[in-house]
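Content type mmCIF, C-alpha atoms, from the file upload.cif:
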```
data_protein
#
loop_
_atom_site.label_atom_id
_atom_site.label_comp_id
_atom_site.auth_asym_id
_atom_site.auth_seq_id
_atom_site.Cartn_x
_atom_site.Cartn_y
_atom_site.Cartn_z
CA MET A 1 178.63 239.16 184.93
CA LEU A 2 175.19 237.70 184.30
CA ARG A 3 175.76 235.15 187.06
CA ARG A 4 176.65 237.97 189.55
CA LYS A 5 173.48 239.86 188.59
CA LEU A 6 171.33 236.75 189.08
CA SER A 7 172.96 236.11 192.46
CA ALA A 8 172.28 239.69 193.50
CA VAL A 9 168.65 239.38 192.42
CA ALA A 10 168.34 236.11 194.30
CA LEU A 11 169.84 237.70 197.41
CA VAL A 12 167.42 240.62 197.24
CA PHE A 13 164.53 238.17 196.76
CA VAL A 14 165.59 236.10 199.77
CA LEU A 15 166.00 239.22 201.93
CA ALA A 16 162.55 240.38 200.87
CA ILE A 17 161.04 237.06 201.93
CA VAL A 18 162.86 237.15 205.28
CA LEU A 19 161.71 240.73 205.92
CA ALA A 20 158.19 239.86 204.90
CA ILE A 21 158.13 236.89 207.23
CA GLY A 22 159.60 238.97 210.03
CA VAL A 23 157.02 241.72 209.63
CA GLN A 24 153.98 239.58 208.86
CA SER A 25 154.44 236.62 211.19
CA PRO A 26 152.88 238.32 214.24
CA MET A 27 149.90 239.41 212.14
CA ALA A 28 149.64 235.99 210.53
CA GLN A 29 149.78 234.43 213.98
CA ALA A 30 147.02 236.76 215.21
CA GLN A 31 144.82 235.94 212.23
CA LYS A 32 145.37 232.19 212.39
CA LYS A 33 142.16 230.39 213.35
CA VAL A 34 142.09 227.46 215.72
CA THR A 35 139.32 224.90 215.25
CA ILE A 36 138.06 223.04 218.30
CA THR A 37 135.47 220.29 218.24
CA TYR A 38 132.45 220.05 220.53
CA ALA A 39 130.49 216.78 220.90
CA ASP A 40 127.00 216.64 222.39
CA TRP A 41 123.96 214.39 221.92
CA GLN A 42 121.66 217.42 222.05
CA LEU A 43 123.20 218.76 218.84
CA GLY A 44 121.03 216.14 217.15
CA GLN A 45 117.83 217.53 218.69
CA VAL A 46 115.97 220.26 216.81
CA ILE A 47 115.59 222.92 219.49
CA TRP A 48 118.72 222.14 221.51
CA GLY A 49 120.79 221.89 218.36
CA ARG A 50 119.70 225.34 217.23
CA ILE A 51 120.37 226.89 220.64
CA LEU A 52 123.83 225.36 220.92
CA ARG A 53 124.84 226.44 217.43
CA GLU A 54 123.61 229.99 218.12
CA SER A 55 125.75 229.92 221.26
CA PHE A 56 128.77 228.80 219.23
CA ALA A 57 128.18 231.64 216.78
CA LYS A 58 128.18 234.15 219.64
CA PHE A 59 131.34 232.59 221.06
CA GLU A 60 133.06 232.87 217.68
CA ARG A 61 132.11 236.55 217.42
CA LEU A 62 133.69 237.15 220.82
CA ASN A 63 136.68 234.98 219.92
CA PRO A 64 137.32 235.52 216.19
CA ASN A 65 140.42 233.32 216.27
CA ILE A 66 138.47 230.25 217.38
CA LYS A 67 136.16 228.14 215.22
CA VAL A 68 133.81 225.62 216.87
CA GLN A 69 133.03 222.49 214.89
CA ASP A 70 130.01 220.65 216.29
CA GLN A 71 129.84 216.86 216.44
CA PRO A 72 126.39 215.37 217.18
CA ILE A 73 126.50 211.96 218.91
CA ALA A 74 123.39 209.93 219.62
CA LEU A 75 122.80 209.62 223.35
CA ALA A 76 122.67 205.83 223.17
CA GLN A 77 126.13 205.80 221.52
CA LEU A 78 127.69 208.56 223.64
CA GLY A 79 129.75 206.43 226.01
CA THR A 80 130.89 204.00 223.33
CA LYS A 81 131.98 206.59 220.77
CA LEU A 82 133.73 208.84 223.29
CA SER A 83 135.57 205.95 224.95
CA VAL A 84 136.69 204.42 221.65
CA ALA A 85 137.99 207.80 220.50
CA ALA A 86 139.82 208.35 223.80
CA MET A 87 141.45 204.92 223.67
CA GLY A 88 142.66 205.78 220.19
CA GLY A 89 144.28 208.99 221.41
CA LYS A 90 141.65 211.13 219.72
CA GLY A 91 138.23 212.52 220.59
CA PRO A 92 136.54 215.92 220.58
CA ASP A 93 138.28 218.81 222.33
CA VAL A 94 135.20 219.52 224.45
CA PHE A 95 132.29 217.20 225.10
CA ALA A 96 129.22 216.87 227.27
CA THR A 97 128.18 213.78 229.20
CA THR A 98 125.41 212.69 231.51
CA ALA A 99 126.03 211.58 235.10
CA ASP A 100 126.79 207.93 234.37
CA LEU A 101 130.07 208.40 232.49
CA PRO A 102 132.46 210.77 234.36
CA ARG A 103 133.82 208.28 236.93
CA GLN A 104 134.52 205.71 234.24
CA PHE A 105 136.31 208.33 232.15
CA ILE A 106 138.29 209.68 235.11
CA ASP A 107 139.33 206.17 236.13
CA ASN A 108 140.56 205.40 232.59
CA GLY A 109 142.41 208.69 232.08
CA TRP A 110 140.06 209.90 229.37
CA LEU A 111 139.58 213.39 230.82
CA LYS A 112 141.91 216.34 231.19
CA ASP A 113 142.37 217.65 234.72
CA LEU A 114 140.80 221.12 234.75
CA THR A 115 142.15 222.06 238.17
CA PRO A 116 144.90 224.36 236.78
CA PHE A 117 142.31 226.27 234.73
CA VAL A 118 139.96 226.56 237.71
CA GLU A 119 142.77 227.83 239.93
CA LYS A 120 143.58 230.57 237.41
CA GLU A 121 139.93 231.64 237.60
CA GLY A 122 140.02 231.90 241.39
CA GLY A 123 139.76 228.31 242.55
CA GLU A 124 137.11 227.86 245.25
CA LYS A 125 135.72 231.31 244.56
CA PHE A 126 135.05 230.31 240.95
CA LEU A 127 133.32 227.10 242.04
CA GLU A 128 131.30 228.44 244.98
CA ASP A 129 128.33 229.39 242.77
CA PHE A 130 127.77 225.73 241.79
CA TYR A 131 125.62 223.38 243.87
CA PRO A 132 127.79 221.09 246.05
CA VAL A 133 125.93 218.01 244.72
CA SER A 134 126.73 219.07 241.16
CA LEU A 135 130.44 219.40 241.97
CA LYS A 136 130.42 215.97 243.64
CA LEU A 137 129.94 214.44 240.23
CA VAL A 138 133.01 216.08 238.65
CA THR A 139 135.41 216.15 241.62
CA VAL A 140 137.72 213.28 242.60
CA ASP A 141 140.60 213.49 245.08
CA GLY A 142 140.28 217.26 245.22
CA LYS A 143 140.72 217.65 241.46
CA THR A 144 138.15 219.20 239.15
CA TRP A 145 137.61 217.12 236.03
CA GLY A 146 134.59 218.89 234.55
CA ILE A 147 132.35 221.93 234.92
CA PRO A 148 128.67 221.37 235.78
CA LYS A 149 126.14 222.86 233.37
CA ASN A 150 122.52 221.85 234.05
CA ILE A 151 120.88 219.90 236.86
CA VAL A 152 117.27 218.80 237.34
CA ALA A 153 115.29 216.19 239.25
CA MET A 154 113.22 213.69 237.31
CA MET A 155 109.45 214.15 237.62
CA LEU A 156 106.20 212.59 236.48
CA VAL A 157 104.87 214.58 233.51
CA TYR A 158 101.22 214.12 232.60
CA ASN A 159 98.56 215.50 230.26
CA SER A 160 95.93 217.20 232.41
CA GLN A 161 93.37 217.28 229.58
CA MET A 162 93.62 213.53 229.10
CA PHE A 163 93.05 213.15 232.85
CA LYS A 164 89.90 215.25 232.61
CA ASP A 165 88.64 213.36 229.57
CA ALA A 166 89.10 210.07 231.46
CA GLY A 167 87.23 211.36 234.52
CA LEU A 168 90.38 211.79 236.62
CA ASP A 169 91.17 214.88 238.68
CA PRO A 170 94.28 216.50 237.15
CA SER A 171 94.87 218.46 240.36
CA ASN A 172 95.30 215.16 242.22
CA PRO A 173 97.85 213.16 240.20
CA PRO A 174 99.22 209.79 241.40
CA LYS A 175 101.29 210.09 244.56
CA ASN A 176 102.15 206.41 244.93
CA TRP A 177 102.67 203.49 242.55
CA GLU A 178 99.33 201.97 243.48
CA GLU A 179 97.53 205.13 242.33
CA PHE A 180 99.76 205.30 239.27
CA LEU A 181 98.61 201.84 238.17
CA GLU A 182 94.94 202.67 238.64
CA SER A 183 95.31 205.94 236.71
CA ALA A 184 97.19 204.16 233.91
CA LYS A 185 94.43 201.56 233.60
CA THR A 186 91.75 204.27 233.44
CA LEU A 187 93.70 206.22 230.81
CA THR A 188 94.32 203.18 228.58
CA LYS A 189 92.02 202.97 225.56
CA PRO A 190 93.66 200.73 222.96
CA PRO A 191 94.47 200.75 220.14
CA THR A 192 95.05 204.51 220.16
CA GLN A 193 95.74 205.53 223.76
CA TRP A 194 97.65 204.11 226.71
CA GLY A 195 98.17 205.25 230.26
CA THR A 196 101.94 205.42 230.25
CA VAL A 197 105.23 204.27 228.79
CA ILE A 198 108.40 203.58 230.74
CA VAL A 199 111.71 204.15 228.92
CA MET A 200 113.49 200.81 228.55
CA ALA A 201 115.82 201.50 225.63
CA LYS A 202 119.32 202.66 226.49
CA ALA A 203 118.78 206.36 225.73
CA GLY A 204 117.39 207.81 228.95
CA PHE A 205 116.97 204.56 230.88
CA ASP A 206 119.47 205.66 233.55
CA LEU A 207 117.27 208.61 234.52
CA ARG A 208 113.90 206.90 234.59
CA PHE A 209 113.81 203.33 235.82
CA PRO A 210 116.01 204.01 238.89
CA GLY A 211 113.26 206.32 240.18
CA ILE A 212 110.82 203.40 240.08
CA LEU A 213 113.35 201.18 241.84
CA ARG A 214 114.05 203.78 244.51
CA GLY A 215 110.34 204.56 244.76
CA HIS A 216 109.76 201.00 245.93
CA GLY A 217 112.58 201.29 248.48
CA GLY A 218 115.05 199.35 246.35
CA SER A 219 118.43 200.05 244.80
CA PHE A 220 120.85 198.54 242.31
CA LEU A 221 123.69 198.15 244.81
CA THR A 222 124.27 197.91 248.53
CA LYS A 223 125.11 201.15 250.35
CA ASP A 224 128.85 200.55 250.03
CA TRP A 225 128.47 199.94 246.25
CA LYS A 226 130.27 196.61 246.65
CA ARG A 227 127.44 194.16 245.94
CA SER A 228 124.22 193.89 243.95
CA ALA A 229 121.04 194.61 245.90
CA LEU A 230 118.72 193.15 243.29
CA ASP A 231 117.93 190.16 245.47
CA SER A 232 116.04 192.37 247.94
CA PRO A 233 112.22 192.15 248.16
CA GLN A 234 112.01 195.85 247.22
CA ALA A 235 114.01 195.38 244.03
CA LYS A 236 111.96 192.34 243.06
CA GLU A 237 108.73 194.26 243.65
CA ALA A 238 109.86 197.19 241.47
CA PHE A 239 111.05 194.86 238.69
CA ASN A 240 107.80 192.87 238.67
CA TYR A 241 105.76 196.07 238.84
CA VAL A 242 107.11 197.27 235.49
CA VAL A 243 106.86 193.82 233.92
CA ASP A 244 103.20 193.66 235.01
CA LEU A 245 102.49 197.11 233.58
CA VAL A 246 103.41 195.66 230.21
CA ARG A 247 102.35 192.02 230.30
CA LYS A 248 99.50 191.85 232.82
CA TYR A 249 97.81 195.23 232.73
CA LYS A 250 98.82 196.23 229.18
CA VAL A 251 98.87 199.95 229.96
CA MET A 252 101.81 200.62 227.62
CA PRO A 253 101.77 200.71 223.81
CA PRO A 254 103.23 197.74 221.87
CA GLY A 255 107.02 197.42 221.85
CA PRO A 256 107.82 199.39 225.01
CA ASP A 257 111.23 197.71 225.30
CA ALA A 258 112.38 199.73 222.26
CA VAL A 259 111.19 203.10 223.59
CA GLY A 260 113.94 205.59 224.41
CA ALA A 261 113.61 209.03 225.95
CA ASN A 262 112.82 210.82 222.70
CA GLU A 263 110.36 208.14 221.59
CA ALA A 264 108.52 208.52 224.91
CA ARG A 265 108.14 212.25 224.24
CA ARG A 266 106.92 211.45 220.74
CA LEU A 267 104.20 209.30 222.27
CA LEU A 268 103.19 212.01 224.74
CA ALA A 269 103.04 214.73 222.06
CA PRO A 270 100.14 213.25 219.99
CA LYS A 271 98.32 212.05 223.13
CA LYS A 272 99.09 208.38 222.58
CA VAL A 273 100.22 208.14 226.20
CA ALA A 274 99.17 210.28 229.15
CA MET A 275 102.07 209.95 231.60
CA ILE A 276 105.86 209.69 231.23
CA ILE A 277 108.82 210.29 233.48
CA GLY A 278 110.54 213.49 232.36
CA THR A 279 111.56 216.90 233.63
CA MET A 280 112.11 220.52 232.57
CA TRP A 281 113.11 219.74 229.00
CA THR A 282 110.00 217.64 228.40
CA ILE A 283 107.69 220.64 228.07
CA PRO A 284 109.49 222.50 225.24
CA GLU A 285 110.47 219.28 223.46
CA VAL A 286 106.91 217.87 223.44
CA SER A 287 105.38 221.25 222.65
CA GLY A 288 107.72 221.63 219.69
CA MET A 289 106.79 218.17 218.40
CA ASN A 290 103.08 219.01 218.39
CA PRO A 291 102.14 222.71 218.70
CA ASP A 292 98.46 221.74 218.57
CA LEU A 293 98.88 220.00 221.92
CA HIS A 294 99.32 223.40 223.67
CA GLY A 295 101.84 221.68 225.91
CA TRP A 296 102.59 224.70 228.06
CA GLU A 297 98.94 224.74 229.09
CA VAL A 298 98.01 221.06 229.42
CA LEU A 299 101.22 219.40 230.59
CA GLU A 300 101.76 219.28 234.34
CA MET A 301 104.45 217.93 236.65
CA THR A 302 104.40 216.14 239.97
CA PRO A 303 107.01 214.20 241.98
CA VAL A 304 107.75 210.66 240.81
CA PRO A 305 105.46 208.36 242.87
CA ILE A 306 106.72 206.28 245.78
CA LYS A 307 105.26 203.10 247.25
CA LYS A 308 102.39 203.70 249.62
CA GLY A 309 103.52 203.88 253.23
CA LEU A 310 107.19 204.60 252.52
CA ASP A 311 108.94 207.73 253.79
CA LEU A 312 111.98 208.13 251.57
CA LYS A 313 114.63 210.85 251.88
CA THR A 314 116.00 209.98 248.44
CA HIS A 315 113.69 208.67 245.78
CA THR A 316 114.20 210.41 242.45
CA VAL A 317 117.13 210.62 240.07
CA LEU A 318 119.17 213.71 239.32
CA TYR A 319 120.13 214.55 235.76
CA GLN A 320 123.28 216.54 235.28
CA LYS A 321 124.96 217.64 232.11
CA SER A 322 128.61 218.57 232.55
CA LEU A 323 131.35 219.67 230.17
CA PHE A 324 134.75 218.00 229.92
CA MET A 325 137.99 218.38 227.98
CA SER A 326 139.81 215.63 226.15
CA PRO A 327 143.35 214.89 227.39
CA ASN A 328 144.29 214.64 223.72
CA THR A 329 143.30 218.19 222.80
CA GLU A 330 145.95 220.25 221.05
CA HIS A 331 144.21 223.49 222.04
CA PRO A 332 143.52 223.37 225.80
CA GLU A 333 143.38 227.14 226.29
CA GLU A 334 140.79 227.59 223.54
CA ALA A 335 138.84 224.57 224.77
CA TRP A 336 138.73 226.05 228.29
CA LYS A 337 137.43 229.33 226.89
CA LEU A 338 134.53 227.46 225.30
CA ILE A 339 133.73 225.52 228.50
CA LYS A 340 133.82 228.69 230.56
CA PHE A 341 131.61 230.51 228.05
CA ILE A 342 128.94 227.81 227.83
CA THR A 343 128.69 227.55 231.63
CA ASP A 344 128.69 231.26 232.41
CA PRO A 345 125.55 232.74 234.04
CA GLU A 346 124.32 234.45 230.87
CA GLN A 347 124.37 231.24 228.86
CA MET A 348 122.77 229.38 231.76
CA GLN A 349 119.88 231.84 231.55
CA THR A 350 119.62 231.17 227.82
CA TRP A 351 119.29 227.44 228.42
CA PHE A 352 116.30 228.08 230.67
CA VAL A 353 114.58 230.56 228.36
CA TRP A 354 114.80 228.21 225.40
CA GLN A 355 114.64 224.77 227.00
CA SER A 356 113.47 225.29 230.61
CA MET A 357 116.70 223.82 231.98
CA LEU A 358 117.72 224.69 235.52
CA SER A 359 121.30 225.72 236.08
CA CYS A 360 123.99 224.15 238.23
CA ARG A 361 124.68 227.73 239.31
CA LYS A 362 122.72 228.68 242.42
CA SER A 363 122.73 232.37 241.52
CA VAL A 364 120.89 231.74 238.26
CA ASN A 365 118.16 229.57 239.78
CA GLU A 366 117.66 231.89 242.74
CA THR A 367 117.59 235.25 240.94
CA PHE A 368 116.63 234.85 237.25
CA PRO A 369 113.02 236.15 236.95
CA PRO A 370 111.77 233.62 234.34
CA ILE A 371 112.85 230.78 236.64
CA LEU A 372 111.14 232.33 239.63
CA GLN A 373 107.95 232.83 237.60
CA SER A 374 107.83 229.32 236.09
CA LYS A 375 105.13 226.92 237.27
CA TYR A 376 107.50 224.01 236.66
CA ALA A 377 110.90 225.25 237.86
CA GLY A 378 109.93 225.57 241.51
CA LEU A 379 108.53 222.04 241.61
CA VAL A 380 111.63 220.56 240.04
CA ALA A 381 114.06 222.57 242.18
CA LYS A 382 112.22 221.41 245.30
CA GLU A 383 112.85 217.78 244.34
CA ILE A 384 116.62 218.20 243.84
CA PRO A 385 117.36 217.63 247.58
CA ARG A 386 115.29 214.42 247.39
CA GLY A 387 117.30 213.11 244.47
CA ASP A 388 120.74 211.67 243.90
CA PHE A 389 122.94 210.29 241.16
CA LEU A 390 123.46 206.61 240.50
CA PRO A 391 126.51 205.01 242.17
CA LEU A 392 129.58 207.05 241.25
CA ILE A 393 131.74 204.12 240.22
CA PRO A 394 133.22 203.25 236.79
CA GLN A 395 131.13 200.09 236.53
CA THR A 396 127.76 201.90 236.63
CA PRO A 397 127.19 202.01 232.83
CA GLU A 398 127.86 198.27 232.55
CA ILE A 399 125.63 197.56 235.54
CA LEU A 400 122.80 199.53 233.94
CA ASP A 401 123.19 197.69 230.65
CA THR A 402 123.10 194.35 232.44
CA PHE A 403 119.97 195.24 234.36
CA ARG A 404 118.26 196.74 231.34
CA SER A 405 118.95 193.59 229.33
CA ALA A 406 117.25 191.52 232.02
CA LEU A 407 114.24 193.84 232.14
CA THR A 408 113.88 193.71 228.35
CA SER A 409 114.05 189.94 228.43
CA ALA A 410 111.28 189.83 231.04
CA VAL A 411 108.88 192.31 229.44
CA THR A 412 109.17 190.60 226.06
CA GLY A 413 108.48 187.19 227.60
CA MET A 414 111.84 185.74 226.58
CA GLU A 415 112.62 184.99 230.21
CA ALA A 416 110.58 184.69 233.41
CA ALA A 417 110.82 187.83 235.54
CA ASP A 418 112.34 186.11 238.58
CA ALA A 419 114.91 184.29 236.46
CA ALA A 420 115.87 187.46 234.54
CA LEU A 421 116.35 189.45 237.74
CA ALA A 422 118.35 186.65 239.38
CA ARG A 423 120.61 186.52 236.32
CA ALA A 424 121.18 190.28 236.45
CA HIS A 425 121.95 190.04 240.19
CA ALA A 426 124.60 187.38 239.60
CA GLU A 427 126.17 189.15 236.59
CA ILE A 428 126.39 192.48 238.41
CA ASN A 429 128.20 190.80 241.32
CA GLU A 430 130.64 189.38 238.80
CA ILE A 431 131.20 192.86 237.34
CA LEU A 432 131.89 194.30 240.79
CA ALA A 433 134.25 191.45 241.70
CA ARG A 434 136.64 192.00 238.80
#
```
Show this structure as structure tokens.
Amino acid sequence: MLRRKLSAVALVFVLAIVLAIGVQSPMAQAQKKVTITYADWQLGQVIWGRILRESFAKFERLNPNIKVQDQPIALAQLGTKLSVAAMGGKGPDVFATTADLPRQFIDNGWLKDLTPFVEKEGGEKFLEDFYPVSLKLVTVDGKTWGIPKNIVAMMLVYNSQMFKDAGLDPSNPPKNWEEFLESAKTLTKPPTQWGTVIVMAKAGFDLRFPGILRGHGGSFLTKDWKRSALDSPQAKEAFNYVVDLVRKYKVMPPGPDAVGANEARRLLAPKKVAMIIGTMWTIPEVSGMNPDLHGWEVLEMTPVPIKKGLDLKTHTVLYQKSLFMSPNTEHPEEAWKLIKFITDPEQMQTWFVWQSMLSCRKSVNETFPPILQSKYAGLVAKEIPRGDFLPLIPQTPEILDTFRSALTSAVTGMEAADAALARAHAEINEILAR
């Protein structure tokens, strides 16, 4: 009798659980949160990090079932960490990269094809608002592998007050590399002030030195991207020019080979250097580092110089930040929602208001009032047609590292300039021949 009663109780209990599961499972499913990871080097920067996290908070309010977990990655370690994670079948759900990594990642299968998502959004109609050059970076064989976010041309940024104090006319900045050298020498007053600093550390090198190389009429590779072009007179002249800035003319502070993009801004902020290669983000970053500088008033921009007598159609470097999805993500739909949100016009406007970053969307750059009213944005946008990306081949990051190693060796005196450049030329040809 007791056993029958216990069995009946057990049966009722089991039925109650089944009914509860049947009734509550849809609600439980609706309330279940999905966590997606987002990796970005700018999460480690004060202003950018705050803006991105505020954007994530807004996204989470609009999508209460999705949680965004941010993952800061140092720019110098971006390619290495993302590639190692991808090879291990892991990696962040969504991540940002600069222009030097996408082809390598596409070639190795480390990106998810976003074409199906784009087609659901309208295909060509969805993409038509983006600059064609920005789509060139993320499109291979008709497939869309990423969504462009921000694009700018690299510029020469200089402190107009330091120009005045040195007796230079800030309304007539250097237009060629000959004038740049003379200005740098005039602005150099060691041990507290130098004319310039050129980024030679890995973080930011890809955006800065190539402009000097192109500005002398040189290039890393031949036009077909099959061979090194570092044996050309133009490449040799550009290489020796930078080495001489350090060793002969001493217009850079000590240890320039260790200066990355952020360190260059930290030298510009306290007026230790007067000129750096930068762009739209330089103004808010430097101003935030030293409010007493009054950066928005004293910092000016001008096109990156070119060699006197040259008429170059392409001379500067384009920066582009694009968003990608890991092929290993377990939540592709949620990851796409985040990519679409971050690259929508409203968020693009936010990036400009907070960090003066131009959008890869034409409509934003052509209609957003703060962009139209900016004294910097028009100058930078005008240079975009005169700029281009580095060779869109998987070997580009390795080629840059090889060249940068040779430049570092030359500026530190470990190797003669001609020998260092010849070594880089030979090693790059070996890389391309594999």
*Have a look at atom CA of A:Arg247 and atom CA of A:Glu300 and let me know their distance in Å, one decimal.*
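Computed distance, atom CA of A:Arg247 to atom CA of A:Glu300, equals 27.6 Å.
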As lines of an AutoDock Vina configuration file, please report the centre and edge lengths, rounded to one decimal in Å, of the axis-aligned box that holds all listed atoms of stretch 229-235 of chain A with 5 Å of padding on each of the six sides.
```
center_x = 116.5
center_y = 193.0
center_z = 245.7
size_x = 19.0
size_y = 15.7
size_z = 14.9
```
*Kindly resolve the PyMOL selection byres ((chain A and resi 34) around 12) on the present coordinates and return the residues as a list in words.*
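This file, filtered by the PyMOL selection byres ((chain A and resi 34) around 12), leaves Gln29, Ala30, Gln31, Lys32, Lys33, Thr35, Ile36, Thr37, Glu60, Asn63, Pro64, Asn65, Ile66, Lys67, Val68, Gln69, Asp93, Thr329, Glu330, His331, Pro332, Glu333, Glu334 and Ala335 of chain A.
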I need the residues from that last selection saved to file as a tab-separated table (two decimals), in the frame of the given file (with C-alpha atoms), if you can.
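Output file selection_14.tsv is given in full below:
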```tsv
chain	number	residue	atom	x	y	z
A	29	GLN	CA	149.78	234.43	213.98
A	30	ALA	CA	147.02	236.76	215.21
A	31	GLN	CA	144.82	235.94	212.23
A	32	LYS	CA	145.37	232.19	212.39
A	33	LYS	CA	142.16	230.39	213.35
A	35	THR	CA	139.32	224.90	215.25
A	36	ILE	CA	138.06	223.04	218.30
A	37	THR	CA	135.47	220.29	218.24
A	60	GLU	CA	133.06	232.87	217.68
A	63	ASN	CA	136.68	234.98	219.92
A	64	PRO	CA	137.32	235.52	216.19
A	65	ASN	CA	140.42	233.32	216.27
A	66	ILE	CA	138.47	230.25	217.38
A	67	LYS	CA	136.16	228.14	215.22
A	68	VAL	CA	133.81	225.62	216.87
A	69	GLN	CA	133.03	222.49	214.89
A	93	ASP	CA	138.28	218.81	222.33
A	329	THR	CA	143.30	218.19	222.80
A	330	GLU	CA	145.95	220.25	221.05
A	331	HIS	CA	144.21	223.49	222.04
A	332	PRO	CA	143.52	223.37	225.80
A	333	GLU	CA	143.38	227.14	226.29
A	334	GLU	CA	140.79	227.59	223.54
A	335	ALA	CA	138.84	224.57	224.77
```
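Between atom CA of A:Lys136 and atom CA of A:Ser83 there is a distance of 21.8 Å.
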*Given the file shown, enumerate the residues that the PyMOL selection byres ((chain A and resi 204) around 9) captures and present them as a PyMOL selection string.*
chain A and resi 75-76+199-203+205-209+260-262
File dump, residues just selected, C-alpha atoms, as a PDB file, in the coordinates of the input:
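Output below, filename selection-v3.pdb:
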```pdb
ATOM      1  CA  LEU A  75     122.800 209.620 223.350  1.00  0.00           C
ATOM      2  CA  ALA A  76     122.670 205.830 223.170  1.00  0.00           C
ATOM      3  CA  VAL A 199     111.710 204.150 228.920  1.00  0.00           C
ATOM      4  CA  MET A 200     113.490 200.810 228.550  1.00  0.00           C
ATOM      5  CA  ALA A 201     115.820 201.500 225.630  1.00  0.00           C
ATOM      6  CA  LYS A 202     119.320 202.660 226.490  1.00  0.00           C
ATOM      7  CA  ALA A 203     118.780 206.360 225.730  1.00  0.00           C
ATOM      8  CA  PHE A 205     116.970 204.560 230.880  1.00  0.00           C
ATOM      9  CA  ASP A 206     119.470 205.660 233.550  1.00  0.00           C
ATOM     10  CA  LEU A 207     117.270 208.610 234.520  1.00  0.00           C
ATOM     11  CA  ARG A 208     113.900 206.900 234.590  1.00  0.00           C
ATOM     12  CA  PHE A 209     113.810 203.330 235.820  1.00  0.00           C
ATOM     13  CA  GLY A 260     113.940 205.590 224.410  1.00  0.00           C
ATOM     14  CA  ALA A 261     113.610 209.030 225.950  1.00  0.00           C
ATOM     15  CA  ASN A 262     112.820 210.820 222.700  1.00  0.00           C
TER      16      ASN A 262
END
```
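Put simply, atom CA of A:Glu383 is 12.1 Å away from atom CA of A:Met280.
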Applying 6 Å and all atoms listed in the file, which residues near stretch 316-318 of chain A remain after dropping the ones on its own chain fewer than 2 positions away? List them as a tab-separated table (two decimals) with C-alpha atoms, keeping the file's coordinate frame.
```tsv
chain	number	residue	atom	x	y	z
A	152	VAL	CA	117.27	218.80	237.34
A	153	ALA	CA	115.29	216.19	239.25
A	154	MET	CA	113.22	213.69	237.31
A	207	LEU	CA	117.27	208.61	234.52
A	211	GLY	CA	113.26	206.32	240.18
A	387	GLY	CA	117.30	213.11	244.47
A	388	ASP	CA	120.74	211.67	243.90
A	389	PHE	CA	122.94	210.29	241.16
```
*Residue among A:Pro132, A:Gly195, A:Pro210, A:Pro391 lying closest to A:Glu182, counting all atoms listed in the file*: A:Gly195
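Comparing A:Ile73, A:Leu62, A:Ile151, A:Ala235 by their smallest distance to A:Trp41, the closest is A:Ile73 (using only C-alpha atoms).
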*Within 10 Å of (107.0, 222.6, 225.9) (coordinates as in the file), grab all the protein and nucleic acid residues, counting all atoms listed in the file, and write them out as a PyMOL selection string.*
chain A and resi 269+280-291+293-299+354-356
_Evaluate the PyMOL selection byres ((chain A and resi 173) around 12) against this structure - the residues, as an MDAnalysis selection string, please._
chainID A and resid 155:160 162:164 168:172 174:184 274:275 299:305
*Which residues, written as a list of chain:residue names, have at least one atom at most 10 Å from A:Gly413, with only C-alpha atoms counted and residues fewer than 4 positions away on the same chain left out?*
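Result of the neighbour search: A:Val243, A:Arg247, A:Leu407, A:Thr408, A:Ser409, A:Ala417.
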*For A:Gly89, work out the shell of residues within 9 Å, counting only C-alpha atoms and skipping chain neighbours fewer than 3 positions away, then give it as a list in words.*
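So the residues in contact are Val84, Ala85, Ala86, Pro327 and Asn328 of chain A.
Minimum atom-to-atom distance to A:Thr98, evaluated using all atoms listed in the file, belongs to A:Leu323 out of A:Ala424, A:Ala39, A:Leu323, A:Ala410.
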_Nearby residues (only C-alpha atoms) at most 9 Å from A:Ile399, same-chain spacing under 6 positions excluded, as a list in words_ =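 With the cut-off at 9 Å, the set is Phe220, Ala424, Glu427, Ile428, Ile431 and Leu432 of chain A.
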*Find the residues near A:Lys313: any atom within 12 Å, counting all atoms listed in the file, skip ones fewer than 2 places away on the same chain, and give them as a list in words.*
Arg214, Gly215, Gly217, Ile306, Leu310, Asp311, His315, Thr316, Glu383, Ile384, Pro385, Arg386, Gly387 and Asp388 of chain A
